[in-house]
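One file, work28.tsv, carrying TSV, C-alpha atoms and all ligand atoms:
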chain	number	residue	atom	x	y	z
A	44	MET	CA	-0.10	-55.51	-20.04
A	45	PRO	CA	1.20	-54.03	-23.28
A	46	GLU	CA	4.14	-55.64	-25.04
A	47	ALA	CA	7.35	-53.63	-24.90
A	48	THR	CA	10.81	-54.15	-26.34
A	49	ASP	CA	13.93	-52.98	-24.50
A	50	ALA	CA	14.20	-50.15	-27.02
A	51	ASP	CA	10.61	-49.04	-26.27
A	52	LEU	CA	11.35	-49.06	-22.57
A	53	GLN	CA	14.56	-47.06	-22.94
A	54	LYS	CA	12.60	-44.51	-24.96
A	55	LEU	CA	10.01	-44.41	-22.21
A	56	LEU	CA	12.74	-43.55	-19.73
A	57	GLU	CA	13.92	-40.77	-22.04
A	58	LEU	CA	10.33	-39.53	-22.25
A	59	GLN	CA	10.13	-39.58	-18.45
A	60	ALA	CA	13.30	-37.46	-18.29
A	61	GLU	CA	11.65	-34.88	-20.56
A	62	ASP	CA	8.40	-34.97	-18.59
A	63	SER	CA	10.27	-34.52	-15.31
A	64	ALA	CA	12.23	-31.60	-16.78
A	65	ILE	CA	8.99	-30.01	-18.04
A	66	LYS	CA	7.34	-30.48	-14.63
A	67	ARG	CA	10.33	-28.94	-12.82
A	68	LEU	CA	10.39	-25.97	-15.19
A	69	ASN	CA	6.65	-25.37	-14.83
A	70	GLU	CA	6.95	-25.51	-11.06
A	71	ARG	CA	9.87	-23.10	-11.17
A	72	ARG	CA	7.94	-20.76	-13.46
A	73	GLU	CA	5.02	-20.72	-11.01
A	74	SER	CA	7.14	-20.12	-7.92
A	75	LEU	CA	9.75	-17.55	-8.91
A	76	PRO	CA	10.77	-15.69	-5.71
A	77	GLU	CA	11.20	-12.59	-7.90
A	78	ALA	CA	7.55	-12.82	-8.95
A	79	ALA	CA	6.45	-13.13	-5.32
A	80	ARG	CA	8.50	-10.05	-4.43
A	81	LEU	CA	7.02	-8.22	-7.43
A	82	ALA	CA	3.49	-9.01	-6.24
A	83	GLU	CA	4.41	-7.59	-2.82
A	84	LEU	CA	5.79	-4.43	-4.41
A	85	GLN	CA	2.72	-4.00	-6.57
A	86	ALA	CA	0.48	-4.26	-3.51
A	87	GLN	CA	2.64	-1.66	-1.75
A	88	LEU	CA	2.47	0.53	-4.83
A	89	ALA	CA	-1.33	0.38	-4.93
A	90	GLU	CA	-1.48	1.32	-1.26
A	91	LEU	CA	0.97	4.21	-1.70
A	92	ASN	CA	-0.96	5.50	-4.70
A	93	SER	CA	-4.15	5.51	-2.68
A	94	ASP	CA	-2.41	7.24	0.27
A	95	LEU	CA	-0.95	9.76	-2.14
A	96	ALA	CA	-4.35	10.49	-3.69
A	97	ILE	CA	-5.78	11.17	-0.22
A	98	ALA	CA	-2.80	13.36	0.79
A	99	THR	CA	-2.98	15.31	-2.48
A	100	LYS	CA	-6.69	15.95	-2.01
A	101	ARG	CA	-6.07	17.12	1.56
A	102	ASN	CA	-3.26	19.37	0.35
A	103	GLU	CA	-5.56	20.93	-2.25
A	104	GLU	CA	-8.24	21.56	0.38
A	105	ILE	CA	-5.70	23.28	2.62
A	106	ASN	CA	-4.47	25.39	-0.29
A	107	ARG	CA	-8.04	26.49	-1.02
A	108	GLU	CA	-8.53	27.33	2.64
A	109	TYR	CA	-5.30	29.33	2.60
A	110	SER	CA	-6.44	31.32	-0.44
A	111	ARG	CA	-9.81	31.92	1.17
A	112	PHE	CA	-8.15	33.42	4.29
A	113	GLU	CA	-5.84	35.51	2.13
A	114	GLY	CA	-8.85	36.85	0.24
A	115	GLU	CA	-10.75	37.63	3.43
A	116	ILE	CA	-7.73	39.44	4.91
A	117	GLU	CA	-7.35	41.43	1.70
A	118	LEU	CA	-11.01	42.52	1.88
A	119	VAL	CA	-10.66	43.56	5.52
A	120	GLU	CA	-7.50	45.52	4.68
A	121	GLN	CA	-9.28	47.34	1.85
A	122	LYS	CA	-12.16	48.17	4.16
A	123	ILE	CA	-9.76	49.50	6.83
A	124	LYS	CA	-8.06	51.63	4.18
A	125	ARG	CA	-11.39	53.09	3.01
A	126	GLU	CA	-12.57	53.84	6.53
A	127	GLU	CA	-9.23	55.47	7.43
A	128	GLU	CA	-9.34	57.59	4.28
A	129	ARG	CA	-12.78	58.77	5.28
A	130	MET	CA	-11.55	59.48	8.81
A	131	PHE	CA	-8.61	61.57	7.62
A	132	SER	CA	-10.31	63.17	4.60
A	133	GLY	CA	-11.62	66.03	6.66
A	134	ASN	CA	-15.07	65.41	5.28
A	135	VAL	CA	-16.27	63.84	8.52
A	136	SER	CA	-16.31	66.38	11.28
A	137	ASN	CA	-19.13	65.12	13.42
A	138	PRO	CA	-17.38	63.74	16.56
A	139	LYS	CA	-20.02	61.05	16.96
A	140	GLU	CA	-19.50	59.91	13.38
A	141	LEU	CA	-15.71	60.06	13.80
A	142	GLY	CA	-16.00	58.01	16.98
A	143	SER	CA	-18.05	55.38	15.25
A	144	LEU	CA	-15.53	55.26	12.35
A	145	GLN	CA	-12.69	54.76	14.86
A	146	ALA	CA	-14.63	51.97	16.55
A	147	GLU	CA	-15.27	50.38	13.14
A	148	VAL	CA	-11.54	50.50	12.22
A	149	ALA	CA	-10.58	49.03	15.60
A	150	SER	CA	-13.05	46.21	15.16
A	151	LEU	CA	-11.77	45.59	11.61
A	152	ARG	CA	-8.15	45.46	12.87
A	153	LYS	CA	-9.20	42.93	15.50
A	154	LYS	CA	-10.86	40.86	12.81
A	155	GLN	CA	-7.73	41.15	10.65
A	156	ALA	CA	-5.51	39.97	13.51
A	157	GLY	CA	-7.80	36.98	14.10
A	158	LEU	CA	-7.77	36.08	10.41
A	159	GLU	CA	-3.97	36.38	10.31
A	160	ASP	CA	-3.66	33.98	13.25
A	161	GLU	CA	-5.87	31.52	11.42
A	162	LEU	CA	-3.83	32.01	8.25
A	163	LEU	CA	-0.66	31.13	10.17
A	164	GLU	CA	-2.26	27.93	11.41
A	165	VAL	CA	-3.35	26.97	7.88
A	166	MET	CA	0.16	27.81	6.67
A	167	GLU	CA	1.62	25.30	9.11
A	168	GLN	CA	-0.92	22.70	8.04
A	169	ARG	CA	-0.06	23.47	4.45
A	170	GLU	CA	3.63	22.83	5.10
A	171	GLY	CA	2.87	19.55	6.85
A	172	SER	CA	0.54	18.33	4.15
A	173	SER	CA	2.87	19.34	1.36
A	174	ASP	CA	5.76	17.49	3.13
A	175	THR	CA	3.53	14.42	3.28
A	176	VAL	CA	2.82	14.65	-0.46
A	177	VAL	CA	6.54	15.03	-1.21
A	178	SER	CA	7.61	12.09	0.94
A	179	LEU	CA	4.81	9.82	-0.31
A	180	THR	CA	5.65	10.74	-3.90
A	181	SER	CA	9.32	9.92	-3.39
A	182	GLU	CA	8.49	6.61	-1.70
A	183	ARG	CA	6.00	5.76	-4.44
A	184	ASP	CA	8.51	6.64	-7.20
A	185	SER	CA	11.25	4.51	-5.67
A	186	ILE	CA	8.92	1.51	-5.29
A	187	ALA	CA	7.64	2.05	-8.83
A	188	GLN	CA	11.22	1.99	-10.11
A	189	GLU	CA	12.06	-1.17	-8.19
A	190	SER	CA	8.86	-2.74	-9.42
A	191	GLU	CA	9.72	-1.82	-13.02
A	192	ARG	CA	13.18	-3.35	-12.69
A	193	LEU	CA	11.76	-6.50	-11.15
A	194	THR	CA	9.09	-6.74	-13.86
A	195	GLU	CA	11.93	-6.86	-16.41
A	196	THR	CA	13.76	-9.51	-14.35
A	197	VAL	CA	10.65	-11.68	-14.05
A	198	LYS	CA	9.99	-11.26	-17.77
A	199	GLN	CA	13.54	-12.34	-18.57
A	200	LEU	CA	13.48	-15.32	-16.18
A	201	THR	CA	10.09	-16.42	-17.50
A	202	SER	CA	11.17	-16.14	-21.10
A	203	ASP	CA	14.34	-18.19	-20.34
A	204	ILE	CA	12.18	-20.88	-18.72
A	205	ASP	CA	9.76	-20.77	-21.67
A	206	ALA	CA	12.66	-21.28	-24.08
A	207	GLU	CA	13.80	-24.32	-22.08
A	208	LEU	CA	10.24	-25.59	-21.93
A	209	ALA	CA	9.92	-25.27	-25.70
A	210	THR	CA	13.10	-27.32	-26.21
A	211	HIS	CA	11.98	-30.08	-23.84
A	212	THR	CA	8.46	-30.14	-25.29
A	213	GLU	CA	9.90	-30.53	-28.78
A	214	GLN	CA	12.19	-33.35	-27.64
A	215	ARG	CA	9.27	-34.97	-25.86
A	216	THR	CA	7.19	-34.96	-29.04
A	217	THR	CA	10.03	-36.56	-30.99
A	218	ILE	CA	10.54	-39.32	-28.40
A	219	GLU	CA	6.81	-39.91	-27.99
A	220	THR	CA	6.27	-40.73	-31.67
A	221	GLY	CA	8.61	-43.72	-31.34
A	222	ILE	CA	6.70	-45.36	-28.46
A	223	PRO	CA	3.78	-47.82	-28.97
A	224	ALA	CA	0.41	-46.22	-28.19
A	225	ASP	CA	-0.71	-48.73	-25.55
A	226	LEU	CA	2.57	-48.44	-23.63
A	227	LEU	CA	2.32	-44.67	-23.80
A	228	LYS	CA	-1.25	-44.80	-22.50
A	229	LEU	CA	-0.23	-46.90	-19.52
A	230	TYR	CA	2.70	-44.59	-18.82
A	231	ASP	CA	0.47	-41.48	-18.95
A	232	THR	CA	-2.12	-43.06	-16.64
A	233	ILE	CA	0.51	-44.00	-14.02
A	234	ARG	CA	2.23	-40.63	-14.43
A	235	SER	CA	-1.00	-38.73	-13.71
A	236	GLN	CA	-1.53	-40.79	-10.54
A	237	LYS	CA	2.07	-40.79	-9.29
A	238	GLN	CA	3.25	-37.20	-9.01
A	239	GLY	CA	4.37	-37.02	-12.63
A	240	VAL	CA	6.54	-40.14	-12.60
A	241	GLY	CA	5.18	-43.05	-14.65
A	242	ALA	CA	8.43	-44.82	-15.46
A	243	ALA	CA	11.31	-45.38	-13.08
A	244	ALA	CA	14.83	-46.70	-13.57
A	245	LEU	CA	15.77	-49.89	-11.80
A	246	GLU	CA	19.24	-49.01	-10.69
A	247	GLY	CA	21.42	-51.17	-8.44
A	248	GLY	CA	18.34	-53.20	-7.48
A	249	THR	CA	16.45	-50.11	-6.30
A	250	CYS	CA	13.33	-48.59	-7.92
A	251	GLN	CA	14.20	-44.94	-8.49
A	252	GLY	CA	10.50	-44.05	-8.38
A	253	CYS	CA	9.88	-45.03	-4.75
A	254	HIS	CA	13.48	-45.73	-3.68
A	255	THR	CA	12.60	-49.20	-2.50
A	256	ARG	CA	15.15	-51.96	-2.81
A	257	LEU	CA	13.63	-54.96	-4.57
A	258	PRO	CA	14.11	-58.47	-3.11
A	259	GLN	CA	16.74	-60.59	-4.87
A	260	SER	CA	14.13	-63.09	-6.08
A	261	GLU	CA	12.10	-60.31	-7.65
A	262	LEU	CA	15.20	-58.89	-9.36
A	263	GLU	CA	15.99	-62.30	-10.80
A	264	ARG	CA	12.45	-62.76	-12.03
A	265	ILE	CA	12.50	-59.35	-13.76
A	266	LYS	CA	15.84	-60.13	-15.39
A	267	GLN	CA	14.60	-63.49	-16.59
A	268	GLU	CA	11.22	-62.36	-17.88
A	269	GLY	CA	12.33	-59.07	-19.43
A	270	GLY	CA	9.77	-56.88	-21.18
A	271	LEU	CA	7.34	-54.63	-19.35
A	272	GLN	CA	7.68	-54.84	-15.57
A	273	ARG	CA	6.20	-52.78	-12.75
A	274	CYS	CA	7.45	-52.02	-9.28
A	275	ASP	CA	5.60	-54.10	-6.68
A	276	ASN	CA	5.72	-51.22	-4.27
A	277	CYS	CA	4.78	-48.10	-6.30
A	278	ARG	CA	3.39	-49.79	-9.45
A	279	ARG	CA	5.49	-47.62	-11.73
A	280	ILE	CA	6.92	-49.07	-14.93
A	281	LEU	CA	10.40	-50.35	-14.08
A	282	ILE	CA	13.17	-50.00	-16.58
A	283	THR	CA	16.49	-51.72	-15.97
A	284	VAL	CA	19.46	-49.48	-16.67
B	301	ZN	ZN	8.82	-48.28	-6.99
When written as structure tokens, how does the structure in this file appear?
Ligand SMILES: [Zn+2]
Amino acid sequence: MPEATDADLQKLLELQAEDSAIKRLNERRESLPEAARLAELQAQLAELNSDLAIATKRNEEINREYSRFEGEIELVEQKIKREEERMFSGNVSNPKELGSLQAEVASLRKKQAGLEDELLEVMEQREGSSDTVVSLTSERDSIAQESERLTETVKQLTSDIDAELATHTEQRTTIETGIPADLLKLYDTIRSQKQGVGAAALEGGTCQGCHTRLPQSELERIKQEGGLQRCDNCRRILITV
């Protein structure tokens, strides 16, 4: 067991305080509820963006279909106009030819009516799909805004924690330089095995590392011997305060 003066041991306890603070801050940094919420929002955002891409594509398809029907109707209308002009021009006098022109116009009007019905249907679809795009866009924008705000919050919280971490790390370095190397090595070994606590205060007869009350005889022995002592129960370095 390394030799240790009371001053060394007190420094070790100070070092433990810094290490515990650093551990707490790191844990806090890794488990910010705001960061968890942000991850949720970002997943939602990705999903909404993908839904929106699909809805936009569908909307474009419907718009193309709408234009196609409009174009077809326009062509049929032009054809009807031409045939009617021929009918009423006076140039066609053959009754058979006139009859066939009339039949042609009637058939074209029927086609036009059919196309117009289809156009109406596409129009309704177009409205529905454009409503979907609008509502998805608004939902996406509002989540994007919330996510942006939360990103700032997480950044701020993280940078506050980092500032605290920097302070404690600096203090740790200062304290560490004043502790004998072999004592420090033992402390670090125990600390890595015991959930980050290598040195515990002996306070009111109780080890603050494992919260076990030491027997009176043991307490007396520790007091008498002084120097480096370890808890019989958790094996941490015990420091009387
Ligand atoms: Zn203990």
Original post:
What's the 12 Å shell around segment 239-253 of chain A, counting only C-alpha atoms, without same-chain residues fewer than 6 positions away, as a PyMOL selection string?
Top reply: chain A and resi 51-67+70+226-233+259-263+265-266+271-284
Selection export as a short mmCIF file (atom, residue, chain, number, x, y, z; two decimals), in the frame of the given file, atoms kept: C-alpha atoms:
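Result went into out25.cif, see below:
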data_model
loop_
_atom_site.label_atom_id
_atom_site.label_comp_id
_atom_site.auth_asym_id
_atom_site.auth_seq_id
_atom_site.Cartn_x
_atom_site.Cartn_y
_atom_site.Cartn_z
CA ASP A 51 10.61 -49.04 -26.27
CA LEU A 52 11.35 -49.06 -22.57
CA GLN A 53 14.56 -47.06 -22.94
CA LYS A 54 12.60 -44.51 -24.96
CA LEU A 55 10.01 -44.41 -22.21
CA LEU A 56 12.74 -43.55 -19.73
CA GLU A 57 13.92 -40.77 -22.04
CA LEU A 58 10.33 -39.53 -22.25
CA GLN A 59 10.13 -39.58 -18.45
CA ALA A 60 13.30 -37.46 -18.29
CA GLU A 61 11.65 -34.88 -20.56
CA ASP A 62 8.40 -34.97 -18.59
CA SER A 63 10.27 -34.52 -15.31
CA ALA A 64 12.23 -31.60 -16.78
CA ILE A 65 8.99 -30.01 -18.04
CA LYS A 66 7.34 -30.48 -14.63
CA ARG A 67 10.33 -28.94 -12.82
CA GLU A 70 6.95 -25.51 -11.06
CA LEU A 226 2.57 -48.44 -23.63
CA LEU A 227 2.32 -44.67 -23.80
CA LYS A 228 -1.25 -44.80 -22.50
CA LEU A 229 -0.23 -46.90 -19.52
CA TYR A 230 2.70 -44.59 -18.82
CA ASP A 231 0.47 -41.48 -18.95
CA THR A 232 -2.12 -43.06 -16.64
CA ILE A 233 0.51 -44.00 -14.02
CA GLN A 259 16.74 -60.59 -4.87
CA SER A 260 14.13 -63.09 -6.08
CA GLU A 261 12.10 -60.31 -7.65
CA LEU A 262 15.20 -58.89 -9.36
CA GLU A 263 15.99 -62.30 -10.80
CA ILE A 265 12.50 -59.35 -13.76
CA LYS A 266 15.84 -60.13 -15.39
CA LEU A 271 7.34 -54.63 -19.35
CA GLN A 272 7.68 -54.84 -15.57
CA ARG A 273 6.20 -52.78 -12.75
CA CYS A 274 7.45 -52.02 -9.28
CA ASP A 275 5.60 -54.10 -6.68
CA ASN A 276 5.72 -51.22 -4.27
CA CYS A 277 4.78 -48.10 -6.30
CA ARG A 278 3.39 -49.79 -9.45
CA ARG A 279 5.49 -47.62 -11.73
CA ILE A 280 6.92 -49.07 -14.93
CA LEU A 281 10.40 -50.35 -14.08
CA ILE A 282 13.17 -50.00 -16.58
CA THR A 283 16.49 -51.72 -15.97
CA VAL A 284 19.46 -49.48 -16.67
#
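The space between atom CA of Leu257 of chain A and atom CA of Ser235 of chain A spans 23.7 Å.
Pairwise distance (atom CA of Glu147 of chain A, atom CA of Met130 of chain A) equals 10.7 Å.
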Original post:
Near Ser190 of chain A, counting all atoms listed in the file, which residues have an atom at most 7 Å away, once you skip same-chain residues fewer than 2 positions from it, shown as a list in words?
Top reply: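 The neighbour list is Leu81, Leu84, Gln85, Ile186, Ala187, Gln188, Arg192, Leu193 and Thr194 of chain A.
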Subject >> Atom pair atom CA of Arg215 of chain A / atom CA of Ala78 of chain A: separation (Å) >> reply: 27.9 Å
Original post:
Using all atoms listed in the file, which of the listed residues (A:Thr180, A:Ser143, A:Ser136, A:Val148) sits closest to Lys124 of chain A?
Top reply: A:Val148
Distance query Gln155 of chain A at most 12 Å, only C-alpha atoms, self and fewer than 4 positions along chain excluded, as a tab-separated table (two decimals) with C-alpha atoms, keeping the file's coordinate frame:
chain	number	residue	atom	x	y	z
A	112	PHE	CA	-8.15	33.42	4.29
A	113	GLU	CA	-5.84	35.51	2.13
A	114	GLY	CA	-8.85	36.85	0.24
A	115	GLU	CA	-10.75	37.63	3.43
A	116	ILE	CA	-7.73	39.44	4.91
A	117	GLU	CA	-7.35	41.43	1.70
A	118	LEU	CA	-11.01	42.52	1.88
A	119	VAL	CA	-10.66	43.56	5.52
A	120	GLU	CA	-7.50	45.52	4.68
A	121	GLN	CA	-9.28	47.34	1.85
A	122	LYS	CA	-12.16	48.17	4.16
A	123	ILE	CA	-9.76	49.50	6.83
A	148	VAL	CA	-11.54	50.50	12.22
A	149	ALA	CA	-10.58	49.03	15.60
A	150	SER	CA	-13.05	46.21	15.16
A	151	LEU	CA	-11.77	45.59	11.61
A	159	GLU	CA	-3.97	36.38	10.31
A	160	ASP	CA	-3.66	33.98	13.25
A	161	GLU	CA	-5.87	31.52	11.42
A	162	LEU	CA	-3.83	32.01	8.25
Subject >> Nearest to ligand ZN 301 (chain B) by atom-to-atom distance, counting all atoms listed in the file, from A:Arg101, A:His254, A:Gln87, A:Leu179 >> reply: A:His254
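Among A:Gly269, A:Ala156, A:Thr220, A:Thr255, the residue with the shortest atom-to-atom distance to ligand ZN 301 (chain B), counting all atoms listed in the file, is A:Thr255.
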Original post:
Hey, which of A:Ala98, A:Leu208, A:Ala224, A:Ile218 ends up closest to Ser178 of chain A? Count all atoms listed in the file.
Top reply: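 Smallest separation from Ser178 of chain A among the options: A:Ala98.
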**OP:** Please check which residues have atoms at most 7 Å from (3.5, 8.0, -1.1) in the file's coordinates, counting only C-alpha atoms, and write them as a list in words.
**Re:** Leu91, Asn92, Asp94, Leu95, Val176, Ser178, Leu179, Thr180, Ser181, Glu182 and Arg183 of chain A
